file data_27.txt (compact mmCIF, C-alpha atoms and all ligand atoms)
# COMPACT_ATOMS: atom_id res chain seq x y z
CA MET A 16 -22.00 -30.05 30.74
CA LEU A 17 -18.31 -30.02 29.96
CA ILE A 18 -17.04 -31.35 26.65
CA ALA A 19 -13.28 -31.56 26.14
CA LEU A 20 -11.74 -31.54 22.67
CA CYS A 21 -8.16 -32.66 22.14
CA SER A 22 -5.88 -34.17 19.52
CA ALA A 23 -3.12 -36.74 19.35
CA LYS A 24 -0.63 -34.70 17.34
CA GLY A 25 -0.45 -32.48 14.30
CA ALA A 26 -3.18 -29.92 13.84
CA PRO A 27 -6.28 -31.83 12.76
CA GLY A 28 -8.53 -28.86 13.46
CA VAL A 29 -9.41 -28.87 17.17
CA THR A 30 -9.68 -25.10 17.47
CA THR A 31 -11.55 -24.68 14.19
CA SER A 32 -13.97 -27.46 15.11
CA GLY A 33 -14.44 -26.08 18.62
CA LEU A 34 -15.38 -22.72 17.18
CA ALA A 35 -17.68 -24.26 14.57
CA LEU A 36 -19.38 -26.22 17.33
CA ALA A 37 -19.72 -23.21 19.66
CA LEU A 38 -21.26 -21.10 16.88
CA SER A 39 -23.65 -23.95 16.07
CA TRP A 40 -24.48 -24.94 19.64
CA PRO A 41 -28.26 -25.04 20.15
CA ARG A 42 -28.07 -23.59 23.66
CA PRO A 43 -25.84 -21.26 25.68
CA VAL A 44 -22.22 -22.32 25.48
CA VAL A 45 -18.76 -21.16 26.47
CA LEU A 46 -15.82 -22.07 24.27
CA ALA A 47 -12.88 -22.27 26.66
CA GLU A 48 -9.48 -22.05 25.03
CA LEU A 49 -7.34 -24.16 27.32
CA ASP A 50 -4.63 -25.21 24.88
CA PRO A 51 -1.38 -24.79 26.87
CA ALA A 52 0.29 -23.82 23.58
CA GLY A 53 -1.80 -20.65 23.65
CA GLY A 54 -5.11 -19.32 22.40
CA ASP A 55 -5.76 -18.76 18.69
CA VAL A 56 -9.28 -17.42 18.42
CA LEU A 57 -8.60 -13.74 19.11
CA ALA A 58 -5.82 -13.61 16.52
CA GLY A 59 -7.65 -15.90 14.07
CA TYR A 60 -11.43 -15.58 14.01
CA GLY A 61 -11.14 -12.28 15.89
CA ARG A 62 -8.51 -10.93 13.44
CA GLY A 63 -6.54 -9.43 16.28
CA GLU A 64 -9.11 -6.66 16.65
CA MET A 65 -9.71 -7.32 20.30
CA SER A 66 -7.57 -8.14 23.28
CA ALA A 67 -8.70 -9.73 26.49
CA GLY A 68 -7.03 -11.21 29.52
CA GLY A 69 -9.04 -14.41 29.30
CA LEU A 70 -7.47 -17.43 30.92
CA ALA A 71 -4.36 -15.56 32.07
CA ASP A 72 -6.40 -12.90 33.90
CA LEU A 73 -8.63 -15.58 35.33
CA GLU A 74 -5.58 -17.28 36.81
CA LEU A 75 -4.38 -14.01 38.25
CA ALA A 76 -7.79 -13.33 39.77
CA ALA A 77 -7.95 -16.87 41.12
CA ARG A 78 -4.90 -16.23 43.25
CA ARG A 79 -6.83 -13.40 44.86
CA GLY A 80 -10.04 -15.20 45.66
CA GLY A 81 -11.45 -17.87 43.38
CA PRO A 82 -12.01 -18.00 39.63
CA ALA A 83 -15.74 -18.74 39.70
CA ARG A 84 -16.47 -15.13 40.63
CA HIS A 85 -14.34 -13.75 37.82
CA LEU A 86 -15.05 -16.10 34.94
CA ASP A 87 -17.99 -14.13 33.55
CA SER A 88 -15.92 -10.96 33.31
CA GLN A 89 -13.43 -12.75 31.05
CA LEU A 90 -15.99 -14.00 28.54
CA LEU A 91 -16.37 -12.37 25.13
CA ARG A 92 -19.35 -12.77 22.86
CA LEU A 93 -18.94 -14.96 19.80
CA ASP A 94 -22.35 -14.04 18.40
CA SER A 95 -24.58 -11.01 18.64
CA GLU A 96 -27.00 -12.66 21.05
CA GLY A 97 -24.27 -13.72 23.47
CA ARG A 98 -25.46 -17.29 23.30
CA ALA A 99 -21.95 -18.44 22.43
CA ARG A 100 -19.12 -16.90 24.41
CA LEU A 101 -15.37 -17.29 24.48
CA LEU A 102 -12.88 -17.64 27.27
CA PRO A 103 -9.78 -16.52 25.34
CA GLY A 104 -6.71 -18.67 25.82
CA LEU A 105 -3.22 -17.77 26.89
CA ALA A 106 -1.49 -15.06 24.89
CA ASP A 107 1.83 -16.29 26.28
CA PRO A 108 2.17 -20.10 26.32
CA ALA A 109 5.01 -19.76 28.83
CA SER A 110 2.37 -18.91 31.42
CA ALA A 111 0.72 -22.34 31.01
CA ARG A 112 2.90 -23.68 33.80
CA HIS A 113 1.19 -21.30 36.21
CA VAL A 114 -2.34 -22.42 35.40
CA ASP A 115 -4.01 -24.48 38.08
CA TRP A 116 -6.08 -26.78 35.87
CA ASP A 117 -7.80 -28.38 38.86
CA ARG A 118 -9.07 -25.02 39.99
CA LEU A 119 -10.07 -24.09 36.47
CA ALA A 120 -11.94 -27.35 36.01
CA ALA A 121 -13.94 -26.44 39.12
CA ALA A 122 -14.59 -22.95 37.75
CA LEU A 123 -15.84 -24.38 34.48
CA ALA A 124 -18.05 -26.76 36.40
CA ALA A 125 -19.57 -23.71 38.09
CA VAL A 126 -21.00 -22.45 34.80
CA GLU A 127 -22.49 -25.79 33.97
CA ASP A 128 -25.84 -25.22 35.53
CA GLY A 129 -27.54 -27.39 32.97
CA ALA A 130 -28.29 -24.41 30.77
CA ILE A 131 -24.74 -23.40 29.92
CA ASP A 132 -22.38 -25.89 28.34
CA VAL A 133 -18.62 -25.62 28.11
CA VAL A 134 -16.67 -26.78 25.08
CA ALA A 135 -12.99 -26.84 26.04
CA ASP A 136 -10.21 -26.76 23.47
CA CYS A 137 -7.54 -28.68 25.36
CA GLY A 138 -4.99 -28.89 22.54
CA ARG A 139 -2.62 -31.80 22.04
CA LEU A 140 -2.78 -34.67 24.50
CA ARG A 141 0.95 -34.98 25.09
CA ALA A 142 1.71 -31.29 25.36
CA GLU A 143 3.47 -30.09 28.44
CA HIS A 144 0.95 -28.67 30.94
CA PHE A 145 -1.93 -30.39 29.12
CA PRO A 146 -5.16 -29.63 31.07
CA ALA A 147 -5.61 -33.23 32.24
CA ALA A 148 -7.80 -32.16 35.17
CA VAL A 149 -10.34 -30.65 32.76
CA VAL A 150 -10.30 -33.75 30.56
CA HIS A 151 -10.69 -35.88 33.65
CA ARG A 152 -13.84 -34.01 34.61
CA ALA A 153 -15.44 -33.79 31.16
CA ALA A 154 -18.69 -35.58 30.39
CA VAL A 155 -17.36 -36.34 26.92
CA VAL A 156 -13.73 -36.34 25.81
CA VAL A 157 -13.51 -35.95 22.06
CA LEU A 158 -10.34 -36.89 20.27
CA THR A 159 -10.21 -34.97 17.01
CA THR A 160 -8.57 -36.78 14.14
CA GLY A 161 -8.13 -36.82 10.39
CA SER A 162 -8.90 -39.97 8.42
CA SER A 163 -5.49 -40.82 6.98
CA LEU A 164 -3.62 -43.89 8.14
CA ARG A 165 -1.08 -41.84 10.10
CA ALA A 166 -3.81 -39.77 11.71
CA VAL A 167 -5.84 -42.82 12.74
CA ARG A 168 -2.70 -44.56 14.06
CA ALA A 169 -1.85 -41.56 16.20
CA ALA A 170 -5.45 -41.33 17.39
CA THR A 171 -5.49 -45.03 18.33
CA GLN A 172 -2.41 -44.55 20.49
CA ALA A 173 -3.90 -41.46 22.07
CA ILE A 174 -7.12 -43.27 22.97
CA ALA A 175 -5.09 -46.08 24.54
CA GLU A 176 -3.13 -43.51 26.50
CA LEU A 177 -6.27 -41.78 27.74
CA ARG A 178 -7.61 -45.15 28.86
CA GLU A 179 -4.35 -46.26 30.50
CA ARG A 180 -4.06 -43.09 32.47
CA GLU A 181 -7.68 -43.49 33.53
CA ALA A 182 -7.78 -39.88 32.58
CA CYS A 183 -11.49 -39.68 31.78
CA LEU A 184 -14.52 -40.09 33.96
CA GLY A 185 -16.78 -39.38 31.01
CA MET A 186 -17.28 -40.91 27.64
CA LEU A 187 -14.50 -41.15 25.10
CA GLY A 188 -15.33 -40.44 21.49
CA ALA A 189 -13.78 -39.34 18.23
CA LEU A 190 -14.49 -36.44 15.91
CA VAL A 191 -13.37 -37.11 12.36
CA ILE A 192 -12.32 -34.17 10.21
CA GLY A 193 -12.39 -34.91 6.50
CA PRO A 194 -13.59 -38.51 6.39
CA GLY A 195 -12.68 -40.70 3.41
CA GLU A 196 -9.00 -39.81 3.22
CA PRO A 197 -9.20 -42.80 2.95
CA TYR A 198 -10.93 -44.13 6.06
CA GLY A 199 -14.59 -43.67 6.82
CA GLU A 200 -16.47 -43.12 10.05
CA ARG A 201 -17.18 -46.81 10.66
CA GLU A 202 -13.62 -47.98 10.03
CA ILE A 203 -12.21 -45.27 12.27
CA GLY A 204 -14.64 -46.12 15.06
CA GLU A 205 -13.61 -49.77 14.85
CA ALA A 206 -9.90 -48.97 14.80
CA LEU A 207 -10.18 -46.64 17.79
CA GLY A 208 -12.63 -48.75 19.75
CA VAL A 209 -14.68 -45.67 20.64
CA PRO A 210 -17.78 -44.18 19.06
CA VAL A 211 -17.35 -41.58 16.38
CA VAL A 212 -19.42 -38.79 17.91
CA GLY A 213 -19.24 -36.64 14.83
CA VAL A 214 -17.87 -36.04 11.37
CA LEU A 215 -16.94 -32.65 9.92
CA PRO A 216 -16.21 -32.28 6.22
CA ARG A 217 -13.16 -30.66 4.71
CA ASP A 218 -14.37 -27.17 3.94
CA ALA A 219 -11.33 -24.97 3.50
CA LYS A 220 -13.31 -21.80 2.85
CA ALA A 221 -15.45 -21.95 5.98
CA ALA A 222 -12.50 -23.24 8.03
CA ALA A 223 -10.44 -20.20 7.00
CA VAL A 224 -13.15 -17.90 8.39
CA LEU A 225 -12.88 -19.67 11.73
CA SER A 226 -9.15 -20.27 11.95
CA ASP A 227 -7.85 -17.13 10.24
CA GLY A 228 -10.64 -14.58 10.15
CA ALA A 229 -11.16 -14.76 6.40
CA PRO A 230 -14.23 -12.76 5.38
CA ALA A 231 -17.44 -14.66 6.08
CA GLY A 232 -19.56 -14.54 2.96
CA ARG A 233 -23.33 -14.54 2.97
CA LEU A 234 -23.36 -18.33 2.77
CA PHE A 235 -21.01 -18.98 5.68
CA ALA A 236 -23.81 -20.09 8.01
CA GLN A 237 -25.00 -22.52 5.33
CA SER A 238 -21.51 -23.88 4.60
CA ALA A 239 -20.98 -27.62 4.74
CA LEU A 240 -18.81 -27.16 7.85
CA LEU A 241 -21.38 -25.16 9.82
CA ARG A 242 -24.24 -27.42 8.78
CA ALA A 243 -22.32 -30.50 9.89
CA ALA A 244 -21.29 -28.74 13.10
CA ARG A 245 -24.96 -28.29 14.03
CA THR A 246 -25.51 -32.03 13.70
CA VAL A 247 -22.38 -32.83 15.71
CA ALA A 248 -23.34 -30.33 18.44
CA THR A 249 -26.73 -31.98 18.90
CA ARG A 250 -25.13 -35.41 19.02
CA LEU A 251 -22.52 -34.33 21.55
CA ILE A 252 -25.21 -32.94 23.81
CA GLU A 253 -27.00 -36.27 23.68
CA PHE A 254 -23.81 -38.15 24.51
CA ALA A 255 -22.88 -35.76 27.29
CA ALA A 256 -26.36 -35.88 28.82
CA ALA A 257 -25.81 -39.52 29.71
CA HIS A 258 -22.92 -38.51 31.98
CA GLU A 259 -24.08 -35.11 33.10
CA SER A 260 -25.71 -35.89 36.40
CA ARG A 261 -22.67 -37.47 38.02
CA LEU A 262 -20.13 -35.06 36.57
CA THR A 263 -21.57 -31.57 36.70
CA PRO A 264 -22.82 -30.12 39.97
CA PRO A 265 -25.41 -27.36 39.34
CA GLN A 266 -24.32 -23.76 39.90
CA ALA A 267 -25.41 -20.24 39.01
CA ALA A 268 -25.59 -19.12 35.37
CA VAL A 269 -23.05 -16.72 33.89
CA PRO A 270 -24.44 -13.36 32.67
CA ALA A 271 -23.64 -12.26 29.11
CA SER A 272 -20.71 -9.90 28.53
CA ALA A 273 -20.84 -6.94 26.20
CA THR A 274 -18.19 -7.69 23.62
CA THR A 275 -18.37 -9.69 20.42
CA VAL A 276 -15.46 -11.52 18.75
CA GLY A 277 -15.49 -11.97 14.98
CA SER A 278 -17.98 -10.45 12.61
CA SER A 279 -19.84 -13.39 11.14
CA ARG A 280 -23.39 -13.97 12.31
CA VAL A 281 -24.25 -17.60 12.27
CA ARG A 282 -27.81 -17.38 13.42
N1 LIG A 301 -12.96 -28.94 8.52
C1 LIG A 301 -11.88 -28.35 7.98
N2 LIG A 301 -11.75 -28.25 6.64
C2 LIG A 301 -10.68 -27.67 6.07
N3 LIG A 301 -9.67 -27.15 6.78
C3 LIG A 301 -9.73 -27.21 8.13
C4 LIG A 301 -10.83 -27.81 8.80
N4 LIG A 301 -10.62 -27.70 10.13
C5 LIG A 301 -9.46 -27.07 10.28
N5 LIG A 301 -8.91 -26.77 9.09
C6 LIG A 301 -7.66 -26.04 8.85
O1 LIG A 301 -6.61 -26.74 9.46
C7 LIG A 301 -5.66 -25.83 10.00
C8 LIG A 301 -5.42 -26.18 11.47
O2 LIG A 301 -6.63 -25.94 12.17
P1 LIG A 301 -6.66 -25.69 13.75
O3 LIG A 301 -5.79 -24.55 14.11
O4 LIG A 301 -8.08 -25.66 14.15
O5 LIG A 301 -5.99 -27.04 14.27
P2 LIG A 301 -5.62 -27.45 15.76
O6 LIG A 301 -5.85 -28.92 15.85
O7 LIG A 301 -6.32 -26.59 16.73
O8 LIG A 301 -4.05 -27.14 15.80
P3 LIG A 301 -3.09 -26.88 17.05
O9 LIG A 301 -2.89 -28.20 17.75
O10 LIG A 301 -1.83 -26.36 16.44
O11 LIG A 301 -3.78 -25.87 17.93
C9 LIG A 301 -6.21 -24.42 9.76
O12 LIG A 301 -5.60 -23.89 8.63
C10 LIG A 301 -7.69 -24.66 9.48
O13 LIG A 301 -8.25 -23.68 8.60
MG MG A 302 -5.67 -25.37 18.24

call {"tool": "encode", "arguments": {"input": "data_27.txt", "output": "structure tokens"}}
result
Amino acid sequence: MLIALCSAKGAPGVTTSGLALALSWPRPVVLAELDPAGGDVLAGYGRGEMSAGGLADLELAARRGGPARHLDSQLLRLDSEGRARLLPGLADPASARHVDWDRLAAALAAVEDGAIDVVADCGRLRAEHFPAAVVHRAAVVVLTTGSSLRAVRAATQAIAELREREACLGMLGALVIGPGEPYGEREIGEALGVPVVGVLPRDAKAAAVLSDGAPAGRLFAQSALLRAARTVATRLIEFAAAHESRLTPPQAAVPASATTVGSSRVR
């Protein structure tokens, strides 16, 4: 199943949350970095120790014969078991205009054989070259937001925009980062008119591991952020399952690749 994460504006933590979710996902998952502003995981969590063509190479390959055949070769391991893998995003955001999001959405659908999920970091909703085709196809579209008044206002407008555009076939939901600043889960759900599918706490230490490759201490896997991410992952799977059958045609599984990004072992 395909789950799309996006934000209204600012940087509420889409990439960090996507990574936390992928590392906590209870079954095989691909974190696809589709933010047209460029990928962050290799330079952040990966500390710039690895380079990979990722999305850009996939696009190039697609022009020569179809991305579904090449997707697996662009995936890097996020954990030692290869349960969570990464499709690295664009190194050069200028190349976003060349990406055929429709074609990519189909390629991502091809790895959704029921056993492999895709969590797509789609970046900011109003960005130029936003991957609307991927959002359109997702079983769940998750708007990531903070809990301040300005964050919730921006999120409310973004939800209205997603609805107006009829951009989503799947379910719309919100992921709240740092609840209680000052609004809580219930108030935010009411303001947005969509279910809050998850809540992640403010946890600067664990977030810095994910967003900037800070050293992962022994307790990283037990951090408040990772523990909450496990709960959110399970909930997202439940939400997505309701839409799965009509949105994700079954295809062949993607074999594991040999490379691992980041050094922290979550499981
Ligand atoms: N749960 C959290 N607790 C504390 N800090 C967080 C949390 N999530 C993210 N952050 C921090 O917020 C900053 C922005 O995070 P991130 O890059 O994930 O945002 P984003 O929404 O993907 O931004 P952009 O739209 O620019 O890609 C980073 O410094 C990250 O460490
Ligand atoms: Mg991001």

call {"tool": "residues_near_ligand", "arguments": {"input": "data_27.txt", "ligand": "ligand LIG 301 (chain A)", "cutoff": "7 Å", "atoms": "only C-alpha atoms and all ligand atoms", "output": "number ranges by chain"}}
result
A: 22, 24-32, 138-139, 192-193, 215-219, 222-223, 225-227, 240

call {"tool": "closest_residue", "arguments": {"input": "data_27.txt", "among": "A:Leu101, A:Asp115, A:Pro43, A:Ala135", "to": "ligand MG 302 (chain A)", "atoms": "all atoms listed in the file"}}
result
A:Ala135

call {"tool": "closest_residue", "arguments": {"input": "data_27.txt", "among": "A:Ala239, A:Leu90, A:Glu48, A:Ser110", "to": "Leu75 (chain A)", "atoms": "only C-alpha atoms"}}
result
A:Ser110

call {"tool": "residues_around", "arguments": {"input": "data_27.txt", "residues": "Ala147 (chain A)", "least_positions_apart": "2", "cutoff": "12 Å", "atoms": "only C-alpha atoms", "output": "ChimeraX atom specification"}}
result
/A:19-21,49-51,114-120,135-145,149-153,156,177,180-184

call {"tool": "atom_distance", "arguments": {"input": "data_27.txt", "atom1": "CA of Ala122 (chain A)", "atom2": "CA of Ala256 (chain A)"}}
result
19.6 Å
